[in-house]
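**Student:** To start, I am sharing the structure in question, which I have written as C-alpha cells.
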Amino acid sequence: MSLDVDKIRKDFPILQAEINGKPLAYLDSAATSQKPLVVIERIFDFYARHNANVARGLHKLSEQATLEYAEVRTKVKEFIGAENQKEVIFTRGTTESINLAMRGWGEKFVKKGDKIVVSIMEHHSNFVPWQELARRKRAKLEVIDIDENGELNLSDAQKKIKAAKIVAISGASNVLGTVNDLRAIGKMAHEQDALFVVDGAQLIPSRKIDVRKIDCDMLAFSGHKMLGPFGSGILYGKEETLEKMDPLMYGSEMIREVTIHKSTYAELPERLETGTPEVSAVLGLGTAIDYLNKIGMKNIEKYEQELIKYTMMRLSEIKGLKILGPYNENKRVSLASFTLEGVHPHDLAAILDEQGIAVRSGHHCAMPLHARLGVDASTRASFYLYNTKEEADKLVDGIEKAKKIFS
Amino acid sequence: MEELYQEFIIELYKNPLNFGKIERPEMHAQLHNTTCGDQIELFVRVNEGKIEQAKFIGKGCAISQASASLFTSYLKGKKINELEKITKDDVLGLLKIDLSKNPSRMKCALLVFDTMKKMIKTKE
C-alpha cells in the first residue's frame with residue numbers, strides 16, 4: 001500500500017459516522033470530498049481568533065489575515081506549477097472560474113462565426129458557458145466525440161479543433177473517469193492559436209499537475225473536491241492571458257482609484273477578484289493543500305489506482321452491471337459509473353444508502369454525455385485517499401442486495 | 001428502506017398497470033423530472049365528463065413508475081371537474097410509504113401528479 005489509509009481515516013471526523021445505523025462508506029468524493037480535521041479547525045481558528053477582512057485594514061488582525069491569504073496563493077501556485085502568484089485567481093469554485101474565463105476572455109475576443117470546441121464528456125459547467133457564449137456571439141460550438149472506450153476521439157478532435165478560437169476540455173470526466181491526454185489536445189489547440197482551457201475539477205484532487213507541462217492557458221478547479229472548504233475555487237491563467245481579460249464583476253477588491261468620472265483597476269490578481277473574498281475558505285484550502293502535499297500526490301495517485309482497479313474487477317463480477325468508460329485503471333481517475341439491468345440508479349442509490357453507502361445517481365450534470373451513451377441515468381461510486389477495498393466490497397454486496405430486492 | 005421497496009412496489013415496477021398509449025386521447029401531457037431524468041406521459045380517455053380510461057408510458061425509478069400505475073387506476077371513474085381537488089397526499093396515500101424525510105424521492109412519487117396538473121392546465 002502506498003499510503004497508510006487507517007491513519008488517514010482517523011483525520012476525517014465524518015468517516016467515524018454511522019448512517020442508518022451502519023458505518024458510513026462515503027463513495028461520493030467526486031461530488032465533494034470529506035474534510036480532514038485540520039481543515040475544519042483552520043476555519044474555526046480563523047473565525048475564533050483571527051477574523052478580519054483582507055487587504056483593507058492596517059490593524060494587526062487584518063494584516064495577518066492578508067498575509068496568510070497571500071500565502072495560500074503561493075501554495076496554489078506551487079501545487080500546480082504556475083510561474084507566479086499573479087496567475088492564481090481565487091473564485092468560489094470551478095463553475096465560477098469557467099464563467100470568468102468565458103465572460104472575461106470569451107466575451108471580449110470571440111466573434112461571429114468563430115469556433116469554440118468542447119467535448120461530449122464535459123460537465124455542464126464546462127459545456128453550458130461555452131454554448132451560451134456561442135449563442136451570444138453567433139459563434140459555432142463544436143463537440144469532440146468519444147470512442148467506444150469512452151476516451152476522446154483524437155482524430156475527431158484534430159478535425160474539430162481546426163481554426164478554433166477556444167478549446168475547453170476536462171482533465172478527467174466526472175462520469176467516465178477518463179483522464180484526457182491534455183498535452184495532445186493542448187498541442188492541437190495551440191497549433192491553431194486557440195485558447196486552451198482545462199476543467200480540472202476531477203483531475204486536480206488526484207494527480208500531480210504541472211500547468212507548464214500541460215501548457216494550458218487556463219485551468220479551473222474547486223477546493224471542495226480536494227479536501228478544502230466549499231466556496232474556494234481557482235482560475236489559473238497564464239499571466240499574458242489574464243492581463244487581457246476583463247473582470248467578471250466591478251467594485252470592491254479590484255479597484256485602484258475611483259473618481260466620479262472614471263475608475264482605474266488594480267493589477268493582477270486582484271483585478272479579476274471582485275468582492276470581499278471567501279477568506280476562511282481560501283485559508284482552509286491552504287491547509288488542504290498542505291495535507292495533500294504531506295501525503296504526496298504521487299502516493300495518492302498510486303493508491304487510488306490500486307483502489308479503482310480492485311473496484312472495477314469486483315464490479316465486473318456482477319451480472320447485468322455495465323461500467324461506463326475505459327476499463328484500464330491507468331486511463332481513469334478513481335471513480336466508476338455504471339448501469340445495472342433491472343434496477344434504476346435512484347433505487348440502487350436508495351438501497352445502498354440504507355446500508356450506509358453514499359453514491360451518486362442520475363446524470364451527474366452531464367446530460368449530453370448520457371444522451372450520447374444512450375443511458376438515461378447511471379450510478380457513480382467515487383473513491384479518494386481515505387477509501388478502502390473493504391468499502392468497495394461493501395458496495396458490491398449492496399448492489400447484490402439491490403438485485404435481490406428487484407429480482 | 002425495506003418499507004420503501006415493498007413487494008407491491010417492485011411488482012408494479014416490473015409489471016406496471018395501465019402501461020401504454022391511448023390513441024387520440026381527450027387529455028394528455030408529458031413531464032420530465034429534470035434532476036433525475038424520470039419521465040411520465042399520461043393519456044386520458046374522457047366520456048361524458050368522466051375518465052373512462054387512464055394510461056401512461058414512462059421510464060424512471062420504481063417509485064415514480066409504481067406511483068404512475070397506482071394513480072392511473074385511481075383516476076378511472078373520476079369526474080373531470082374533480083381532478084383539481086386531488087391532492088399530493090392522495091397520491092402518497094396510494095403508495096402507502098412515508099417519504100416525508102426523502103424530498104428527492106418525493107419528487108419521484110409525485111411526478112405523475114405533476115403530469116396530471118400539467119394536463120389540466122393544457123386542457124384549459
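Labels used: A, B, ... for chains in the order of the C-alpha cells, numbers from 1 for residues in each chain, and numbers from 1 for ligands as shown.
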Counting only C-alpha atoms, which residues of chain B fall within 8 Å of chain A, and what is the closest atom pair for each with its distance in Å at one decimal, ordered by chain and rising number, as CSV?
**Tutor:**
```
residue,atom,partner,partner_atom,distance
B:Met1,CA,A:Glu354,CA,6.1
B:Tyr5,CA,A:Ile405,CA,7.7
B:Ile10,CA,A:Phe406,CA,6.2
B:Thr35,CA,A:Gly362,CA,7.4
B:Cys36,CA,A:Gly362,CA,5.0
B:Gly37,CA,A:Asp376,CA,6.4
B:Gly60,CA,A:His344,CA,6.6
B:Cys61,CA,A:His344,CA,5.0
B:Ala62,CA,A:Asp347,CA,6.6
B:Ile63,CA,A:Asp347,CA,8.0
```
**Student:** With a distance cut-off of 9 Å and only C-alpha atoms, select the neighbouring residues of Ile357 in chain A, excluding the residue or stretch itself and same-chain residues fewer than 2 positions from it, and output the selection as a VMD selection string.
**Tutor:** chain A and resid 19 22 to 27 349 351 to 355 359 391 394 to 395 398
**Student:** Please report the interatomic distance between CA of Asp246 in chain A and CA of Lys108 in chain A in Å with one decimal.
**Tutor:** 7.6 Å
**Student:** Pick out each residue of chain B that DSSP on the backbone tags as helix (DSSP H, G or I); I need them as an MDAnalysis selection string.
**Tutor:** chainID B and resid 7:14 62:75 80:85 88:95 103:109 111:123
**Student:** Excluding range 87-104 of chain B and any residue of its chain fewer than 6 positions from it, enumerate the residues within 8 Å of it, using only C-alpha atoms, and give them as a ChimeraX atom specification.
**Tutor:** /B:3-4,9,66-67,70-71,110,113
**Student:** Write the selection just made, keeping C-alpha atoms, as a compact mmCIF listing (two decimals), in the first residue's frame?
**Tutor:**
```txt
# COMPACT_ATOMS: atom_id res chain seq x y z
CA GLU B 3 -40.55 -0.41 3.69
CA LEU B 4 -39.80 1.80 0.70
CA ILE B 9 -43.87 -1.54 -5.48
CA ALA B 66 -45.28 2.38 -9.31
CA SER B 67 -46.88 5.70 -8.42
CA LEU B 70 -51.49 3.27 -8.94
CA PHE B 71 -52.52 6.76 -9.90
CA LEU B 110 -45.31 12.97 -7.34
CA PHE B 113 -49.36 14.01 -10.05
```
**Student:** May I ask which of the residues B:Cys108, B:Ile86, B:Met116, B:Leu17 is the closest one to Ser73 in chain B, counting only C-alpha atoms?
**Tutor:**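 The shortest atom-to-atom distance to Ser73 in chain B comes from B:Leu17.
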**Student:** Work out how far CA of Lys35 in chain A is from CA of Tyr310 in chain A, in Å to one decimal.
**Tutor:**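 CA of Tyr310 in chain A sits 24.5 Å away from CA of Lys35 in chain A.
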**Student:** I need the residue nearest Gly320 in chain A from this list: A:Ser155, A:Gly374, A:Ile399, A:Leu3. Use only C-alpha atoms for the distance.
**Tutor:**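 Result for the nearest residue to Gly320 in chain A: A:Ile399.
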**Student:** Nearest residue to Ile234 in chain A out of A:Phe383, A:Phe221, A:Phe79, A:Tyr291, using only C-alpha atoms?
**Tutor:**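 Among A:Phe383, A:Phe221, A:Phe79, A:Tyr291, it is A:Phe221 that comes nearest to Ile234 in chain A.
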**Student:** Got a sec: who's within 6 Å of range 89-103 of chain A, counting only C-alpha atoms, leaving out chain neighbours fewer than 4 positions off, as a PyMOL selection string?
**Tutor:** chain A and resi 107+125+220-222+231-235+248+269
**Student:** Just to be explicit: take each residue in the selection above, keep N, CA, C and O atoms, and write the result as a compact mmCIF listing (two decimals), in the first residue's frame.
**Tutor:**
```txt
# COMPACT_ATOMS: atom_id res chain seq x y z
N GLU A 107 -16.07 36.71 -24.07
CA GLU A 107 -16.93 37.83 -24.48
C GLU A 107 -16.13 38.90 -25.22
O GLU A 107 -16.63 39.60 -26.08
N SER A 125 -20.86 22.44 -16.38
CA SER A 125 -20.11 23.65 -16.04
C SER A 125 -19.06 24.01 -17.08
O SER A 125 -18.65 25.16 -17.17
N ALA A 220 -9.25 25.52 -14.43
CA ALA A 220 -10.25 25.83 -13.40
C ALA A 220 -10.40 24.63 -12.48
O ALA A 220 -10.43 23.49 -12.95
N PHE A 221 -10.45 24.86 -11.18
CA PHE A 221 -10.75 23.77 -10.25
C PHE A 221 -11.31 24.28 -8.93
O PHE A 221 -11.32 25.48 -8.68
N SER A 222 -11.82 23.33 -8.13
CA SER A 222 -12.51 23.66 -6.89
C SER A 222 -11.75 23.14 -5.68
O SER A 222 -11.20 22.03 -5.72
N GLY A 231 -16.75 26.92 -1.49
CA GLY A 231 -16.54 28.35 -1.69
C GLY A 231 -15.11 28.73 -2.00
O GLY A 231 -14.77 29.89 -2.07
N SER A 232 -14.23 27.71 -2.16
CA SER A 232 -12.86 28.01 -2.58
C SER A 232 -12.65 27.43 -3.96
O SER A 232 -12.85 26.24 -4.19
N GLY A 233 -12.28 28.27 -4.88
CA GLY A 233 -12.03 27.80 -6.25
C GLY A 233 -10.89 28.58 -6.85
O GLY A 233 -10.48 29.61 -6.32
N ILE A 234 -10.38 28.07 -7.95
CA ILE A 234 -9.21 28.68 -8.59
C ILE A 234 -9.44 28.81 -10.08
O ILE A 234 -9.97 27.90 -10.72
N LEU A 235 -9.04 29.95 -10.62
CA LEU A 235 -8.81 30.02 -12.05
C LEU A 235 -7.34 30.36 -12.22
O LEU A 235 -6.89 31.45 -11.87
N LEU A 248 -15.12 39.85 -14.10
CA LEU A 248 -16.49 39.37 -14.17
C LEU A 248 -17.42 40.39 -13.51
O LEU A 248 -18.55 40.60 -13.93
N PRO A 269 -3.32 39.77 -9.20
CA PRO A 269 -4.55 39.01 -9.48
C PRO A 269 -5.82 39.72 -9.02
O PRO A 269 -6.91 39.36 -9.45
```
**Student:** Report the distance between CA of Gln65 in chain B and CA of Arg105 in chain B in Å, rounded to one decimal place.
**Tutor:**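 Atom-to-atom, CA of Gln65 in chain B and CA of Arg105 in chain B are spaced 11.9 Å apart.
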**Student:** Skipping near chain neighbours, those fewer than 6 positions away, what residues fall within 9 Å of Gln202 in chain A using only C-alpha atoms, listed as a VMD selection string?
**Tutor:** chain A and resid 30 170 to 174 177 221 to 222 225 333
**Student:** Just to be explicit: take each residue in the selection above, keep N, CA and C atoms, and write the result as a compact mmCIF listing (two decimals), in the first residue's frame.
**Tutor:**
```txt
# COMPACT_ATOMS: atom_id res chain seq x y z
N ALA A 30 -16.31 12.47 -5.72
CA ALA A 30 -16.30 13.23 -6.97
C ALA A 30 -17.31 14.38 -6.90
N SER A 170 -12.17 18.87 -20.25
CA SER A 170 -11.95 18.46 -18.86
C SER A 170 -10.68 17.62 -18.75
N GLY A 171 -10.01 17.76 -17.62
CA GLY A 171 -8.84 16.94 -17.36
C GLY A 171 -9.24 15.49 -17.16
N ALA A 172 -10.36 15.28 -16.48
CA ALA A 172 -10.91 13.94 -16.29
C ALA A 172 -12.43 14.04 -16.25
N SER A 173 -13.09 13.04 -16.84
CA SER A 173 -14.55 13.06 -16.89
C SER A 173 -15.14 12.66 -15.55
N ASN A 174 -16.17 13.39 -15.12
CA ASN A 174 -16.80 13.08 -13.84
C ASN A 174 -17.76 11.89 -13.95
N GLY A 177 -14.75 8.86 -15.93
CA GLY A 177 -13.48 8.75 -15.21
C GLY A 177 -12.28 8.96 -16.10
N PHE A 221 -10.45 24.86 -11.18
CA PHE A 221 -10.75 23.77 -10.25
C PHE A 221 -11.31 24.28 -8.93
N SER A 222 -11.82 23.33 -8.13
CA SER A 222 -12.51 23.66 -6.89
C SER A 222 -11.75 23.14 -5.68
N LYS A 225 -13.41 19.72 -3.67
CA LYS A 225 -13.20 18.34 -4.12
C LYS A 225 -11.81 17.83 -3.74
N VAL A 333 -9.50 8.30 -13.43
CA VAL A 333 -9.40 8.65 -12.03
C VAL A 333 -10.24 7.64 -11.27
```
**Student:** Have a look at B:Lys55, B:Lys50, B:Arg45, B:His28 and name the one nearest to Ile80 in chain B; count only C-alpha atoms.
**Tutor:**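 For Ile80 in chain B, the nearest of the candidates is B:Lys50.
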**Student:** With only C-alpha atoms as the atoms that count, which of A:Ile8, A:Val258, A:Ala139, A:Asp397 lies nearest to Lys294 in chain A?
**Tutor:**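 Of the candidates, the smallest distance to Lys294 in chain A is held by A:Ile8.
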**Student:** For Thr34 in chain B, which of B:Ile57, B:Met106, B:Ile22, B:Leu111 is the closest residue, counting only C-alpha atoms?
**Tutor:**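 Nearest to Thr34 in chain B: B:Leu111.
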**Student:** List every residue of range 16-83 of chain B that DSSP, applied to the backbone of this structure, assigns to strand (DSSP E), and report them as a ChimeraX atom specification.
**Tutor:** /B:27-32,39-47,50-59
**Student:** The selected residues should be written to file as a compact mmCIF listing (two decimals), in the first residue's frame (atoms: N, CA and C atoms).
**Tutor:**
```txt
# COMPACT_ATOMS: atom_id res chain seq x y z
N MET B 27 -57.38 14.01 -23.12
CA MET B 27 -56.40 14.77 -22.33
C MET B 27 -55.06 14.05 -22.35
N HIS B 28 -54.00 14.86 -22.32
CA HIS B 28 -52.66 14.26 -22.48
C HIS B 28 -51.58 15.24 -22.01
N ALA B 29 -50.56 14.74 -21.38
CA ALA B 29 -49.41 15.59 -21.03
C ALA B 29 -48.19 14.73 -20.78
N GLN B 30 -47.05 15.36 -20.93
CA GLN B 30 -45.78 14.66 -20.67
C GLN B 30 -44.93 15.51 -19.75
N LEU B 31 -44.25 14.86 -18.82
CA LEU B 31 -43.40 15.63 -17.90
C LEU B 31 -42.10 14.87 -17.61
N HIS B 32 -41.06 15.65 -17.43
CA HIS B 32 -39.70 15.19 -17.22
C HIS B 32 -39.26 15.66 -15.84
N GLN B 39 -39.40 10.13 -16.54
CA GLN B 39 -40.38 10.65 -17.50
C GLN B 39 -41.72 9.97 -17.34
N ILE B 40 -42.77 10.75 -17.43
CA ILE B 40 -44.13 10.19 -17.45
C ILE B 40 -44.91 10.87 -18.56
N GLU B 41 -45.61 10.06 -19.37
CA GLU B 41 -46.54 10.61 -20.34
C GLU B 41 -47.91 10.02 -20.00
N LEU B 42 -48.86 10.90 -19.80
CA LEU B 42 -50.18 10.49 -19.31
C LEU B 42 -51.22 10.66 -20.42
N PHE B 43 -52.07 9.64 -20.58
CA PHE B 43 -53.14 9.69 -21.60
C PHE B 43 -54.48 9.44 -20.91
N VAL B 44 -55.47 10.27 -21.21
CA VAL B 44 -56.77 10.08 -20.57
C VAL B 44 -57.89 10.08 -21.60
N ARG B 45 -58.75 9.05 -21.51
CA ARG B 45 -59.94 8.97 -22.38
C ARG B 45 -61.11 9.45 -21.55
N VAL B 46 -61.80 10.50 -22.04
CA VAL B 46 -62.91 11.09 -21.30
C VAL B 46 -64.22 10.78 -22.00
N ASN B 47 -65.20 10.41 -21.23
CA ASN B 47 -66.52 10.15 -21.80
C ASN B 47 -67.57 10.77 -20.88
N LYS B 50 -66.41 12.13 -17.60
CA LYS B 50 -65.78 11.21 -16.66
C LYS B 50 -64.58 10.51 -17.31
N ILE B 51 -63.61 10.17 -16.47
CA ILE B 51 -62.45 9.46 -17.03
C ILE B 51 -62.80 7.99 -17.24
N GLU B 52 -62.77 7.60 -18.49
CA GLU B 52 -63.12 6.22 -18.83
C GLU B 52 -61.88 5.33 -18.76
N GLN B 53 -60.76 5.94 -19.16
CA GLN B 53 -59.52 5.17 -19.15
C GLN B 53 -58.32 6.10 -18.96
N ALA B 54 -57.37 5.68 -18.15
CA ALA B 54 -56.14 6.47 -17.99
C ALA B 54 -54.96 5.53 -18.16
N LYS B 55 -54.03 5.92 -19.00
CA LYS B 55 -52.84 5.09 -19.22
C LYS B 55 -51.58 5.96 -19.19
N PHE B 56 -50.45 5.29 -19.05
CA PHE B 56 -49.21 6.07 -19.06
C PHE B 56 -48.09 5.28 -19.72
N ILE B 57 -47.13 6.00 -20.23
CA ILE B 57 -45.85 5.39 -20.56
C ILE B 57 -44.79 6.22 -19.86
N GLY B 58 -43.66 5.60 -19.60
CA GLY B 58 -42.63 6.37 -18.91
C GLY B 58 -41.44 5.52 -18.57
N LYS B 59 -40.44 6.17 -18.05
CA LYS B 59 -39.29 5.44 -17.54
C LYS B 59 -38.75 6.16 -16.32
```
